[in-house]
Structure formats: structure tokens, C-alpha cells
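One file, protein05.pdb, is given below (PDB, C-alpha atoms and all ligand atoms).
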ATOM      1  CA  VAL A   1     -26.336 218.339  81.155
ATOM      2  CA  LEU A   2     -24.504 217.408  84.357
ATOM      3  CA  PRO A   3     -26.587 216.049  87.225
ATOM      4  CA  THR A   4     -26.323 217.177  90.841
ATOM      5  CA  LEU A   5     -24.827 214.283  92.839
ATOM      6  CA  THR A   6     -25.671 213.563  96.457
ATOM      7  CA  GLY A   7     -23.028 212.086  98.762
ATOM      8  CA  THR A   8     -23.196 211.183 102.431
ATOM      9  CA  ASP A   9     -22.403 214.711 103.626
ATOM     10  CA  VAL A  10     -21.576 216.677 100.498
ATOM     11  CA  THR A  11     -23.500 217.575  97.378
ATOM     12  CA  LEU A  12     -21.740 217.948  94.032
ATOM     13  CA  ARG A  13     -23.470 220.663  92.026
ATOM     14  CA  PRO A  14     -22.470 221.502  88.454
ATOM     15  CA  ALA A  15     -20.322 224.637  88.717
ATOM     16  CA  THR A  16     -21.382 227.936  87.161
ATOM     17  CA  LEU A  17     -19.440 231.122  86.560
ATOM     18  CA  ASP A  18     -20.875 232.417  89.864
ATOM     19  CA  ASP A  19     -18.578 229.892  91.603
ATOM     20  CA  VAL A  20     -15.376 231.365  90.154
ATOM     21  CA  PRO A  21     -14.714 233.928  92.946
ATOM     22  CA  ARG A  22     -15.192 231.318  95.693
ATOM     23  CA  PHE A  23     -13.017 228.776  93.845
ATOM     24  CA  GLY A  24     -10.336 231.459  93.542
ATOM     25  CA  GLU A  25     -10.573 232.302  97.230
ATOM     26  CA  ILE A  26     -10.085 228.647  98.175
ATOM     27  CA  ALA A  27      -7.309 228.105  95.615
ATOM     28  CA  ARG A  28      -5.332 231.034  97.060
ATOM     29  CA  THR A  29      -5.189 229.513 100.569
ATOM     30  CA  PRO A  30      -1.650 228.257 101.272
ATOM     31  CA  GLU A  31      -2.833 224.665 101.774
ATOM     32  CA  VAL A  32      -4.485 224.489  98.358
ATOM     33  CA  TRP A  33      -2.014 226.764  96.534
ATOM     34  CA  ARG A  34       0.743 224.357  97.589
ATOM     35  CA  ARG A  35      -0.956 221.623  95.532
ATOM     36  CA  TRP A  36      -2.705 223.552  92.762
ATOM     37  CA  GLY A  37      -0.429 226.556  92.254
ATOM     38  CA  ASP A  38      -1.741 229.782  90.748
ATOM     39  CA  VAL A  39      -5.127 229.225  89.122
ATOM     40  CA  PRO A  40      -6.323 232.493  87.568
ATOM     41  CA  ALA A  41     -10.050 233.205  87.421
ATOM     42  CA  SER A  42      -9.783 232.918  83.640
ATOM     43  CA  GLU A  43      -8.722 229.273  83.998
ATOM     44  CA  PHE A  44     -11.696 228.371  86.196
ATOM     45  CA  THR A  45     -13.959 230.200  83.733
ATOM     46  CA  ALA A  46     -12.489 228.352  80.751
ATOM     47  CA  ASP A  47     -12.769 225.008  82.545
ATOM     48  CA  ILE A  48     -16.418 225.595  83.499
ATOM     49  CA  GLU A  49     -17.379 226.832  80.035
ATOM     50  CA  GLY A  50     -15.203 224.468  78.016
ATOM     51  CA  ASP A  51     -15.639 220.888  76.877
ATOM     52  CA  GLU A  52     -12.515 219.264  78.298
ATOM     53  CA  LEU A  53     -13.508 219.177  81.985
ATOM     54  CA  GLU A  54     -16.718 218.736  83.933
ATOM     55  CA  VAL A  55     -16.558 220.885  87.055
ATOM     56  CA  PHE A  56     -18.626 220.607  90.234
ATOM     57  CA  ALA A  57     -18.877 222.809  93.307
ATOM     58  CA  ILE A  58     -18.643 220.732  96.492
ATOM     59  CA  GLU A  59     -21.362 221.956  98.826
ATOM     60  CA  LEU A  60     -21.817 221.280 102.522
ATOM     61  CA  GLY A  61     -25.207 222.629 103.450
ATOM     62  CA  ASP A  62     -25.418 225.971 101.675
ATOM     63  CA  ARG A  63     -21.640 226.551 101.701
ATOM     64  CA  VAL A  64     -19.291 225.913  98.760
ATOM     65  CA  VAL A  65     -16.386 224.100 100.442
ATOM     66  CA  GLY A  66     -14.400 222.975  97.423
ATOM     67  CA  MET A  67     -14.228 221.957  93.797
ATOM     68  CA  ILE A  68     -14.060 218.548  92.091
ATOM     69  CA  GLN A  69     -13.678 217.957  88.372
ATOM     70  CA  TYR A  70     -13.168 215.164  85.925
ATOM     71  CA  SER A  71     -11.892 214.703  82.407
ATOM     72  CA  GLU A  72     -12.552 211.761  80.133
ATOM     73  CA  GLU A  73     -10.436 209.814  77.661
ATOM     74  CA  ILE A  74     -13.051 208.999  75.058
ATOM     75  CA  ASP A  75     -11.035 206.726  72.756
ATOM     76  CA  PRO A  76     -12.997 203.492  73.334
ATOM     77  CA  ARG A  77      -9.781 201.501  73.457
ATOM     78  CA  TYR A  78      -8.534 203.484  76.459
ATOM     79  CA  ARG A  79     -11.737 204.921  77.882
ATOM     80  CA  HIS A  80     -11.377 206.156  81.456
ATOM     81  CA  ALA A  81     -11.915 209.247  83.609
ATOM     82  CA  SER A  82      -9.539 211.289  85.774
ATOM     83  CA  ILE A  83     -10.467 213.283  88.886
ATOM     84  CA  ASP A  84      -8.966 216.385  90.569
ATOM     85  CA  ILE A  85     -10.163 217.993  93.792
ATOM     86  CA  PHE A  86      -9.545 220.664  96.392
ATOM     87  CA  LEU A  87     -11.269 221.499  99.658
ATOM     88  CA  ALA A  88     -10.987 224.705 101.673
ATOM     89  CA  PRO A  89      -8.533 224.136 104.567
ATOM     90  CA  GLN A  90     -11.145 224.280 107.324
ATOM     91  CA  TYR A  91     -13.059 221.456 105.617
ATOM     92  CA  GLN A  92     -10.093 219.130 105.099
ATOM     93  CA  HIS A  93      -9.290 216.043 107.193
ATOM     94  CA  ARG A  94     -12.876 215.266 108.136
ATOM     95  CA  GLY A  95     -13.775 212.784 105.442
ATOM     96  CA  LEU A  96     -15.380 215.198 102.989
ATOM     97  CA  GLY A  97     -12.765 214.580 100.280
ATOM     98  CA  PRO A  98     -13.367 210.816 100.246
ATOM     99  CA  ASP A  99     -17.121 211.486 100.284
ATOM    100  CA  ALA A 100     -16.842 213.753  97.223
ATOM    101  CA  VAL A 101     -14.479 211.436  95.319
ATOM    102  CA  ARG A 102     -16.606 208.367  96.133
ATOM    103  CA  THR A 103     -19.758 210.138  94.961
ATOM    104  CA  LEU A 104     -18.228 211.257  91.675
ATOM    105  CA  ALA A 105     -16.595 207.875  91.091
ATOM    106  CA  ALA A 106     -19.929 206.093  91.605
ATOM    107  CA  HIS A 107     -21.512 208.413  89.057
ATOM    108  CA  LEU A 108     -18.723 207.776  86.540
ATOM    109  CA  PHE A 109     -19.035 204.014  86.977
ATOM    110  CA  GLU A 110     -22.803 204.291  86.511
ATOM    111  CA  SER A 111     -22.109 206.280  83.335
ATOM    112  CA  GLY A 112     -20.188 203.355  81.860
ATOM    113  CA  HIS A 113     -16.600 203.964  82.953
ATOM    114  CA  HIS A 114     -14.693 201.023  84.377
ATOM    115  CA  ARG A 115     -11.474 202.791  85.464
ATOM    116  CA  ILE A 116     -10.711 206.112  87.152
ATOM    117  CA  THR A 117      -7.297 207.654  87.758
ATOM    118  CA  ILE A 118      -5.995 210.305  90.132
ATOM    119  CA  ASP A 119      -2.420 211.556  90.432
ATOM    120  CA  PRO A 120      -1.481 213.317  93.699
ATOM    121  CA  ALA A 121       2.030 214.614  94.332
ATOM    122  CA  ALA A 122       4.083 211.745  95.704
ATOM    123  CA  ASP A 123       4.559 213.642  99.002
ATOM    124  CA  ASN A 124       0.836 214.453  99.419
ATOM    125  CA  ALA A 125       0.251 211.837 102.126
ATOM    126  CA  ALA A 126      -3.154 213.192 103.125
ATOM    127  CA  ALA A 127      -4.458 212.996  99.547
ATOM    128  CA  ILE A 128      -3.024 209.507  99.003
ATOM    129  CA  ALA A 129      -4.660 208.321 102.267
ATOM    130  CA  ALA A 130      -7.952 209.953 101.289
ATOM    131  CA  TYR A 131      -8.013 208.269  97.855
ATOM    132  CA  ALA A 132      -6.986 204.901  99.328
ATOM    133  CA  ARG A 133     -10.043 205.144 101.581
ATOM    134  CA  VAL A 134     -12.212 205.176  98.464
ATOM    135  CA  GLY A 135     -10.404 202.164  97.018
ATOM    136  CA  PHE A 136      -7.767 203.763  94.772
ATOM    137  CA  ARG A 137      -4.577 201.726  94.512
ATOM    138  CA  PRO A 138      -1.088 202.986  93.753
ATOM    139  CA  VAL A 139       0.082 202.150  90.225
ATOM    140  CA  GLY A 140       3.495 203.741  90.322
ATOM    141  CA  VAL A 141       5.474 206.916  90.607
ATOM    142  CA  MET A 142       5.550 209.242  87.628
ATOM    143  CA  ARG A 143       8.945 210.893  87.962
ATOM    144  CA  ARG A 144       9.352 214.665  87.599
ATOM    145  CA  TYR A 145       5.757 214.736  86.395
ATOM    146  CA  GLU A 146       4.561 218.150  87.532
ATOM    147  CA  ARG A 147       5.871 221.595  88.447
ATOM    148  CA  ILE A 148       3.168 223.001  90.664
ATOM    149  CA  PRO A 149       3.174 225.276  92.593
ATOM    150  CA  GLU A 150       6.638 226.406  91.588
ATOM    151  CA  ASP A 151       9.065 225.749  88.823
ATOM    152  CA  GLN A 152      10.621 222.667  90.376
ATOM    153  CA  TRP A 153       9.637 219.319  88.811
ATOM    154  CA  HIS A 154       8.431 216.740  91.347
ATOM    155  CA  ASP A 155       7.158 213.175  91.342
ATOM    156  CA  ASN A 156       3.472 212.225  91.398
ATOM    157  CA  LEU A 157       1.813 208.945  92.318
ATOM    158  CA  LEU A 158      -0.518 207.526  89.683
ATOM    159  CA  MET A 159      -3.437 205.773  91.432
ATOM    160  CA  ASP A 160      -6.349 203.990  89.799
ATOM    161  CA  LEU A 161      -9.692 202.524  90.783
ATOM    162  CA  LEU A 162     -11.692 199.818  89.020
ATOM    163  CA  THR A 163     -15.470 199.474  89.277
ATOM    164  CA  GLU A 164     -15.522 196.640  91.772
ATOM    165  CA  GLU A 165     -12.959 198.297  94.070
ATOM    166  CA  LEU A 166     -15.017 201.345  95.080
ATOM    167  CA  THR A 167     -15.495 201.346  98.858
TER     168      THR A 167
HETATM  169  C1  LIG B 201      -6.597 215.961  99.459
HETATM  170  C2  LIG B 201      -7.984 216.243 100.009
HETATM  171  C3  LIG B 201      -8.974 216.348  98.865
HETATM  172  C4  LIG B 201      -8.364 215.056 100.915
HETATM  173  O1  LIG B 201      -9.661 215.262 101.408
HETATM  174  P1  LIG B 201      -9.910 215.224 103.002
HETATM  175  O2  LIG B 201     -11.351 215.398 103.208
HETATM  176  O3  LIG B 201      -9.017 216.202 103.658
HETATM  177  O4  LIG B 201      -9.458 213.730 103.320
HETATM  178  P2  LIG B 201      -9.548 212.937 104.731
HETATM  179  O5  LIG B 201     -10.546 213.592 105.615
HETATM  180  O6  LIG B 201      -9.664 211.511 104.412
HETATM  181  O7  LIG B 201      -8.157 213.185 105.416
HETATM  182  C5  LIG B 201      -7.002 212.826 104.792
HETATM  183  C6  LIG B 201      -6.352 211.596 105.352
HETATM  184  O8  LIG B 201      -4.997 211.906 105.531
HETATM  185  C7  LIG B 201      -4.685 211.899 106.930
HETATM  186  N1  LIG B 201      -3.908 213.080 107.114
HETATM  187  C8  LIG B 201      -4.313 214.281 107.458
HETATM  188  N2  LIG B 201      -3.275 215.121 107.453
HETATM  189  C9  LIG B 201      -2.203 214.392 107.093
HETATM  190  C10 LIG B 201      -0.829 214.696 106.910
HETATM  191  N3  LIG B 201      -0.350 215.931 107.086
HETATM  192  N4  LIG B 201      -0.001 213.707 106.555
HETATM  193  C11 LIG B 201      -0.466 212.464 106.370
HETATM  194  N5  LIG B 201      -1.754 212.135 106.517
HETATM  195  C12 LIG B 201      -2.593 213.094 106.884
HETATM  196  C13 LIG B 201      -5.991 211.901 107.641
HETATM  197  O9  LIG B 201      -5.862 211.306 108.910
HETATM  198  C14 LIG B 201      -6.801 211.075 106.699
HETATM  199  O10 LIG B 201      -6.386 209.725 106.785
HETATM  200  P3  LIG B 201      -7.263 208.550 107.372
HETATM  201  O11 LIG B 201      -7.602 207.733 106.199
HETATM  202  O12 LIG B 201      -6.365 207.825 108.280
HETATM  203  O13 LIG B 201      -8.444 209.160 108.048
HETATM  204  C15 LIG B 201      -8.009 217.569 100.821
HETATM  205  O14 LIG B 201      -7.240 217.420 101.982
HETATM  206  C16 LIG B 201      -7.502 218.764 100.029
HETATM  207  O15 LIG B 201      -8.249 219.391  99.316
HETATM  208  N6  LIG B 201      -6.211 219.109 100.196
HETATM  209  C17 LIG B 201      -5.602 220.287  99.562
HETATM  210  C18 LIG B 201      -5.551 220.213  98.066
HETATM  211  C19 LIG B 201      -5.051 218.901  97.569
HETATM  212  O16 LIG B 201      -4.084 218.353  98.082
HETATM  213  N7  LIG B 201      -5.751 218.383  96.564
HETATM  214  C20 LIG B 201      -5.445 217.103  95.983
HETATM  215  C21 LIG B 201      -4.503 217.213  94.861
HETATM  216  S1  LIG B 201      -4.294 215.601  94.110
END
So that I can check it, write out the structure of this file as C-alpha cells.
Amino acid sequence: VLPTLTGTDVTLRPATLDDVPRFGEIARTPEVWRRWGDVPASEFTADIEGDELEVFAIELGDRVVGMIQYSEEIDPRYRHASIDIFLAPQYQHRGLGPDAVRTLAAHLFESGHHRITIDPAADNAAAIAAYARVGFRPVGVMRRYERIPEDQWHDNLLMDLLTEELT
């Protein structure tokens, strides 16, 4: 059972199927679509119900302002977690993303992880700055890694964070 996690301003609440319409609404905004592409309701539903991802609604007060999720590599020789996030446009650029990522990272470290990765598009300067605020460091560019939102492959920046680097 996932816990509810309390950050400085945001709360991360385990997502339920009731969150799917709001997640879809946020994902269809141009600012988020540009980074996440088309995410059908069926994909959010499968992610919330399935075993591969743990999905949280990011709440500010009583408003769902975004989504944050993680996956885990469970092979003990490579064990680590990876995070993905989006915030509704009107809630971006005010520190809520770093708050959410920091809160989830702290939980993952407390759960026994020692390394967390995140992989923004190489041109996503706002995301890279936001993750650097939490302590993530650039590892290197993964070339032609992703084709979201459209069919054109682009580069992504692999960033990682070790336990003692969380700020
Ligand atoms: C990426 C995201 C989670 C970051 O969260 P946030 O709450 O907006 O992050 P911040 O408030 O720290 O603002 C982003 C940082 O980028 C800076 N910034 C804002 N707009 C920028 C831009 N267009 N170009 C470069 N830097 C920008 C801000 O000044 C801030 O930097 P700072 O450290 O100097 O304060 C959020 O913006 C988001 O959901 N974006 C859309 C979806 C997305 O890109 N998801 C991530 C995919 S990996």
C-alpha cells in the first residue's frame, strides 16, 4: 500500500481511477503535451492499476495540480528508481515540481533505494533546472532516445541522484 507523502507545499496522494479525467485534462494542455505526448485515459488507468508504476496525484490544497510516478529496477545488482512528473501549466515555475520530486525522492531513499534517475528531453531547460535544484546531476545525453510528442527522435539528458546529494 502506497503512503501519502507530505512535502513543503504539495501532498503526494496515491492515485485512484477517479484521478484519470483530471490527469487527462492536464496532459492535453500544450505545455504538458509537448513533453508527454498523447496519453490516453486507458494508459493512465493501466498505470494506476498495474504493477510496473506507482502513481501519485500531486495536490495543492484540495486541487490536483499534477501527477508524479516512479518505477523500480528490482534486480538487486542494479536496484534503483526512476521518476516522471507533470504539473498543470498554471502551477509550473513556482517550485512545486522540485517540492514533489524532493518529497518522492526522500521517500524512495527511506525505502532503501540509493540512486534515482530522471531523463528529461535535452532541450527541456526548465525541467533540468528543476531537477538540479533537488540535487540531480547530469550523467550524459542519450541520443535519439525518445519520440514524444511526435514521430521525430530527440535526445534526452540522463540525470541521477544519490542518497547524500538530495537537497
Ligand atoms: C518540469 C516541471 C515538473 C518542473 O517543475 P516546476 O515546478 O515548474 O519547476 P521550477 O518551479 O523549479 O521552475 C523550473 C526552473 O526552470 C526555470 N525556467 C522556467 N521556465 C524556463 C524556461 N522556459 N527555460 C529555462 N528555464 C526556465 C525556472 O526559473 C526554474 O529555475 P530556477 O531553478 O532558476 O528557479 C514542470 O515545469 C512541468 O510539469 N513541465 C511540463 C511537463 C514536463 O516538462 N515534465 C517533465 C518531463 S521530464
### Message
Give me the residues near Glu49 (chain A) as a ChimeraX atom specification, where near means some atom within 10 Å (using only C-alpha atoms) and where sequence neighbours in that chain fewer than 6 positions away do not count.
### Response
/A:15-17,43,55
### Task
Name the residues, by chain letter and number, that sit within 7 Å of ligand LIG 201 (chain B) using all atoms listed in the file, and give them as a PyMOL selection string.
chain A and resi 31-32+35-36+84-89+91-98+118-121+124-127+129-130+133
Could you tell me which residues the PyMOL selection byres (((chain A and resi 62) around 12) and not hetatm) returns for this structure, as a PDB file with C-alpha atoms, in the frame of the given file?
ATOM      1  CA  ASP A   9     -22.403 214.711 103.626  1.00  0.00           C
ATOM      2  CA  VAL A  10     -21.576 216.677 100.498  1.00  0.00           C
ATOM      3  CA  THR A  11     -23.500 217.575  97.378  1.00  0.00           C
ATOM      4  CA  LEU A  12     -21.740 217.948  94.032  1.00  0.00           C
ATOM      5  CA  ARG A  13     -23.470 220.663  92.026  1.00  0.00           C
ATOM      6  CA  ALA A  57     -18.877 222.809  93.307  1.00  0.00           C
ATOM      7  CA  ILE A  58     -18.643 220.732  96.492  1.00  0.00           C
ATOM      8  CA  GLU A  59     -21.362 221.956  98.826  1.00  0.00           C
ATOM      9  CA  LEU A  60     -21.817 221.280 102.522  1.00  0.00           C
ATOM     10  CA  GLY A  61     -25.207 222.629 103.450  1.00  0.00           C
ATOM     11  CA  ARG A  63     -21.640 226.551 101.701  1.00  0.00           C
ATOM     12  CA  VAL A  64     -19.291 225.913  98.760  1.00  0.00           C
ATOM     13  CA  VAL A  65     -16.386 224.100 100.442  1.00  0.00           C
TER      14      VAL A  65
END
### Message
So that I can see what lies close to Leu166 (chain A), please list as a PyMOL selection string the residues with an atom at most 7 Å from it, counting all atoms listed in the file and leaving out residues fewer than 4 positions away in the same chain.
### Response
chain A and resi 134-135+161
### Query
Leaving out Ser42 (chain A) and any residue of its chain fewer than 4 positions from it, which residues lie within 9 Å of it when counting all atoms listed in the file, given as a ChimeraX atom specification?
/A:20,46-47
Hey, can I get the axis-aligned box for region 51-65 of chain A? All listed atoms, 6 Å padding on each side, centre and edge lengths in Å to one decimal, as JSON.
{"center_x": -19.0, "center_y": 222.6, "center_z": 90.2, "size_x": 24.9, "size_y": 19.8, "size_z": 38.6}
### Message
I'd like the contact shell of Ile83 (chain A) - 10 Å cut-off, all atoms listed in the file, skipping same-chain residues fewer than 2 positions apart - returned as number ranges by chain.
### Response
A: 53-55, 68-72, 81, 85, 101, 104-105, 116-119
Could you state which residues are captured by the PyMOL selection byres (((chain A and resi 144) around 8) and not hetatm) in this file, as a short mmCIF file (atom, residue, chain, number, x, y, z; two decimals) with C-alpha atoms, in the coordinates of the input?
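Writing the result to part_1.cif gives the following:
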data_model
loop_
_atom_site.label_atom_id
_atom_site.label_comp_id
_atom_site.auth_asym_id
_atom_site.auth_seq_id
_atom_site.Cartn_x
_atom_site.Cartn_y
_atom_site.Cartn_z
CA MET A 142 5.55 209.24 87.63
CA ARG A 143 8.94 210.89 87.96
CA TYR A 145 5.76 214.74 86.40
CA GLU A 146 4.56 218.15 87.53
CA ARG A 147 5.87 221.60 88.45
CA TRP A 153 9.64 219.32 88.81
CA HIS A 154 8.43 216.74 91.35
CA ASP A 155 7.16 213.18 91.34
CA ASN A 156 3.47 212.22 91.40
#
### Task
Can you work out the spacing between CA of Ile74 (chain A) and CA of Glu52 (chain A) in Å, to one decimal?
10.8 Å
### Query
Pick the closest to Leu158 (chain A) from A:Ala100, A:Leu108, A:Ser82, A:Ile48: which is it, counting only C-alpha atoms?
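Using only C-alpha atoms, Leu158 (chain A) sits closest to A:Ser82.
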### Query
What is the distance, in Å and to one decimal place, between CA of Gln90 (chain A) and CA of Phe136 (chain A)?
24.3 Å
### CA of Val39 (chain A) to CA of Glu150 (chain A), straight-line distance in Å
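Value for the CA of Glu150 (chain A)-CA of Val39 (chain A) distance: 12.3 Å.
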### Message
Using all atoms listed in the file for the distances, tell me which of A:Val1, A:Leu162, A:Arg79, A:Pro149 is nearest to Arg28 (chain A).
### Response
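Among the listed residues, A:Pro149 lies closest to Arg28 (chain A).
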### Message
Let me make sure I understand: among A:Ala106, A:Val141, A:Leu5, A:Ala41, which one has the smallest atom-to-atom distance to Asp123 (chain A) if we use only C-alpha atoms?
### Response
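Among the listed residues, A:Val141 lies closest to Asp123 (chain A).
Comparing the minimum interatomic distances between Pro138 (chain A) and each of A:Met67, A:Ala122, A:Leu2, A:Ile26, counting all atoms listed in the file, we find that A:Ala122 sits nearest.
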